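Following: one structure in structure tokens, then a few remarks.
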Amino acid sequence: MIIGIFGATQSGHYLAQLLDKHQRVSKIYHYHTSTNDKFARNLTKYEAVLFDNPAYIAKTIMSCDLIITMGSSSQVNERLQALFSKAPGKKLVPSKDCSMLEESKILSKALFKKLGIRTPEYRVVEYNDLLDKFFSYARPFVLKYDQDFRAGRQTLIIRDDNVNEIFEEIKSHGRKKFNRQEVNNEFIVEDHLVGKEHSLHILADGANWCYLGSARDYKKELDGDQGNNVTSMGCYSVVHSLSEDLKKYINSILQHLVDSGTPYKGIMYLGILKDSENKDHILELNARPGNPEFVAVLNNIENDILDVLMSPDPGKLDIKFKQTVCLNIQLHNTISVYNREITQEINLVDIPEDIVVSYSELFGMMPAAGVTTVAENLTVASDRLYHYLDQLNLKVRFRLDIGRLL
């Protein structure tokens with residue numbers, strides 16, 4: 001079986017490593033990533049495919065028995081979507097329209113409101129109004145860029161201790177989009193809710209879906225859950241039984257997309273917050289596997305992962321979950337995300353057999369590497385990962401309480 005994985009994320013690289021060991025897999029094409037040897041280390045079926053040879057990309061896509069996209073950049077690419085539509089194999093590829101529910105925070109929030117899904121109260125504000133009223137909003141509040149990935153800083157929690165810092169950031173960096181020529185015109189100002197968050201993953205084919213498990217992410221940059229949000233500092237696996245509300249919300253989202261003529265096909269994750277009254281709120285919709293949360297989710301699943309991904313009807317799958325836990329720690333570059341000249345790489349060596357290293361190619365936009373292990377509990381897992389990292393004396397940033405602060 002030939003697999004095509006699109007996305008230069010750690011989750012994509014981790015999945016490639018997992019499938020490389022599968023006896024039914026003969027080849028893995030990993031698109032939009034690096035040919036650096038570290039990506040292919042100890043792999044026998046892996047090939048990194050750059051985007052500089054369209055004819056080769058088309059040829060390999062047509063040979064794939066399974067194509068899975070790990071990020072919206074390939075899903076909103078019309079040339080790639082046209083190629084995907086012609087490929088004969090199974091495709092876990094959300095459409096461009098479905099992907100826009102992640103690309104636009106305003107679009108997804110409007111959908112939640114239309115479908116009666118519990119979500120924090122919000123308002124849409126234009127840039128100049130945001131600056132004028134910034135200090136008048138009751139703190140803490142959540143600020144979201146509508147369509148602008150900013151290495152975790154597209155969602156900011158504004159508190160008394162950081163209000164001046166974030167205001168200056170919005171003034172200096174908020175108008176022009178982080179990696180594009182357009183400008184930001186609209187933002188979301190959202191009520192801040194207190195509760196436990198997790199990333200809930202499903203596999204969907206139209207209105208049919210199954211629950212794949214969840215992971216809890218560490219978003220704050222500093223130990224003790226202090227500082228501002230970043231993409232991730234690490235995560236661990238958790239498995240929740242789905243509330244009736246969540247089942248209803250998922251069904252209504254998927255049925256709405258079917259009725260709109262854009263059925264969802266692929267992996268979706270929803271950012272969930274459970275409040276003090278045990279009520280579930282959907283914070284966001286992401287038309288892809290979480291990064292790095294999907295790493296932990298994959299290790300929750302006892303079923304053969306290839307059978308799961310290739311299932312013609314995920315609604316009929318009986319997903320079994322392991323009793324072990326998976327822990328991931330993210331390793332960040334030391335350079336600011338607003339510095340475009342990022343060349344720092346992380347290349348880990350002497351990796352123990354019970355630790356897996358996965359890499360990202362998007363320097364500065366995401367953590368450059370992550371270390372993952374599976375153990376009987378979080379104490380054993382965190383001790384194992386930190387023992388390994390302590391031996392390396394790395395000049396990178398990572399939190400020291402991942403798996404220890406819950």
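Letters A, B, ... mark the chains of the structure tokens in the order given; residue numbers begin at 1 per chain; ligand numbers begin at 1, in order shown.
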Sort by chain and increasing residue number a table of all residues of segment 30-74 of chain A within 12 Å of segment 363-375 of chain A, each with its closest pair of atoms and their distance in Å to one decimal, counting only C-alpha atoms, and write it as CSV.
```
residue,atom,partner,partner_atom,distance
A:Thr33,CA,A:Phe363,CA,11.3
A:Ser34,CA,A:Phe363,CA,11.3
A:Lys38,CA,A:Ala369,CA,10.8
A:Phe39,CA,A:Ala369,CA,10.7
```
Filtering to N, CA and C atoms, could you give me those residues as a compact mmCIF listing (two decimals), in the first residue's frame?
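As written to disk, result_9.txt reads:
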```txt
# COMPACT_ATOMS: atom_id res chain seq x y z
N THR A 33 7.78 18.78 2.75
CA THR A 33 8.70 18.69 3.88
C THR A 33 10.13 18.70 3.36
N SER A 34 11.07 18.40 4.22
CA SER A 34 12.48 18.56 3.89
C SER A 34 13.10 17.24 3.47
N LYS A 38 17.43 13.79 8.67
CA LYS A 38 16.81 13.54 9.97
C LYS A 38 15.36 13.08 9.82
N PHE A 39 14.66 13.53 8.77
CA PHE A 39 13.28 13.11 8.57
C PHE A 39 13.18 11.63 8.20
```
Quick one: pick out all helix (DSSP H, G or I) residues within segment 67-262 of chain A from a backbone DSSP run and write them as number ranges by chain. A: 72-75, 78-86, 96-103, 105-114, 127-136, 163-173, 244-259
Quick one: residues within 12 Å of Ala215 of chain A, only C-alpha atoms, excluding same-chain residues fewer than 6 positions away - as a ChimeraX atom specification? /A:196-201,232,234-240,269-272,289-300,325-328,403
So that I can see what lies close to segment 140-144 of chain A, please list as a VMD selection string the residues with an atom at most 8 Å from it, counting only C-alpha atoms and leaving out residues fewer than 2 positions away in the same chain. chain A and resid 105 137 to 138 146 154 to 160 187 to 192
Just asking: which residues within segment 3-216 of chain A are strand (DSSP E or B) according to DSSP, as a count of residues only? 61
Near-segment 84-92 of chain A list (12 Å; only C-alpha atoms; drop same-chain fewer than 2 positions) as a count of residues only: 55
Length of the atom CA of Phe398 of chain A to atom CA of Ala8 of chain A vector [Å]: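 Separation between atom CA of Phe398 of chain A and atom CA of Ala8 of chain A: 20.6 Å.
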Identify which of the residues A:Asn164, A:Ser26, A:Asn128, A:Ser11 lies closest to Glu186 of chain A, counting only C-alpha atoms when measuring atom-to-atom distances.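 For Glu186 of chain A, the nearest of the given residues is A:Asn128.
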Interatomic distance (Å, one decimal) between atom CA of Arg153 of chain A and atom CA of Asn347 of chain A: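 Rounded to one decimal, the two atoms are 25.4 Å apart.
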If you measure from atom CA of Phe321 of chain A to atom CA of Asn278 of chain A, what distance in Å do you get, rounded to one decimal?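 Taking atom CA of Phe321 of chain A and atom CA of Asn278 of chain A, their separation equals 23.0 Å.
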Who sits within 8 Å of Ala16 of chain A, only C-alpha atoms, same chain under 5 positions skipped, as a list in words: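 That gives Ile5, Ile28, His30 and Tyr46 of chain A.
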Would you export the selected residues with N, CA and C atoms as a compact mmCIF listing (two decimals), in the first residue's frame, please?
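Saved to out_36.txt:
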```
# COMPACT_ATOMS: atom_id res chain seq x y z
N ILE A 5 1.25 11.63 2.49
CA ILE A 5 0.97 12.50 3.63
C ILE A 5 1.37 13.92 3.27
N ILE A 28 5.88 5.46 1.52
CA ILE A 28 5.27 6.64 2.12
C ILE A 28 5.87 7.87 1.46
N HIS A 30 6.00 11.79 1.73
CA HIS A 30 5.71 12.87 2.67
C HIS A 30 5.95 14.18 1.93
N TYR A 46 10.25 5.59 3.37
CA TYR A 46 9.93 7.01 3.42
C TYR A 46 10.62 7.79 2.31
```
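Nearest-residue note for Leu273 of chain A: choosing from A:Leu193, A:Leu130, A:Ile305, A:Leu254, the minimum distance belongs to A:Leu193, counting only C-alpha atoms.
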From the set A:Val258, A:Glu165, A:Ile282, A:Leu348, which residue has the shortest atom-to-atom contact distance to Glu121 of chain A, counting only C-alpha atoms? A:Ile282
Of the candidates A:Arg150, A:Lys279, A:Arg216, A:Lys395, which shows the shortest atom-to-atom distance to Glu244 of chain A, using only C-alpha atoms?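 Checking each of A:Arg150, A:Lys279, A:Arg216, A:Lys395 against Glu244 of chain A, counting only C-alpha atoms, the winner is A:Lys279.
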So, with only C-alpha atoms as the atoms that count, which of A:Asp390, A:Arg175, A:Ala151, A:Ile250 lies closest to Asn333 of chain A?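 Result for the nearest residue to Asn333 of chain A: A:Ala151.
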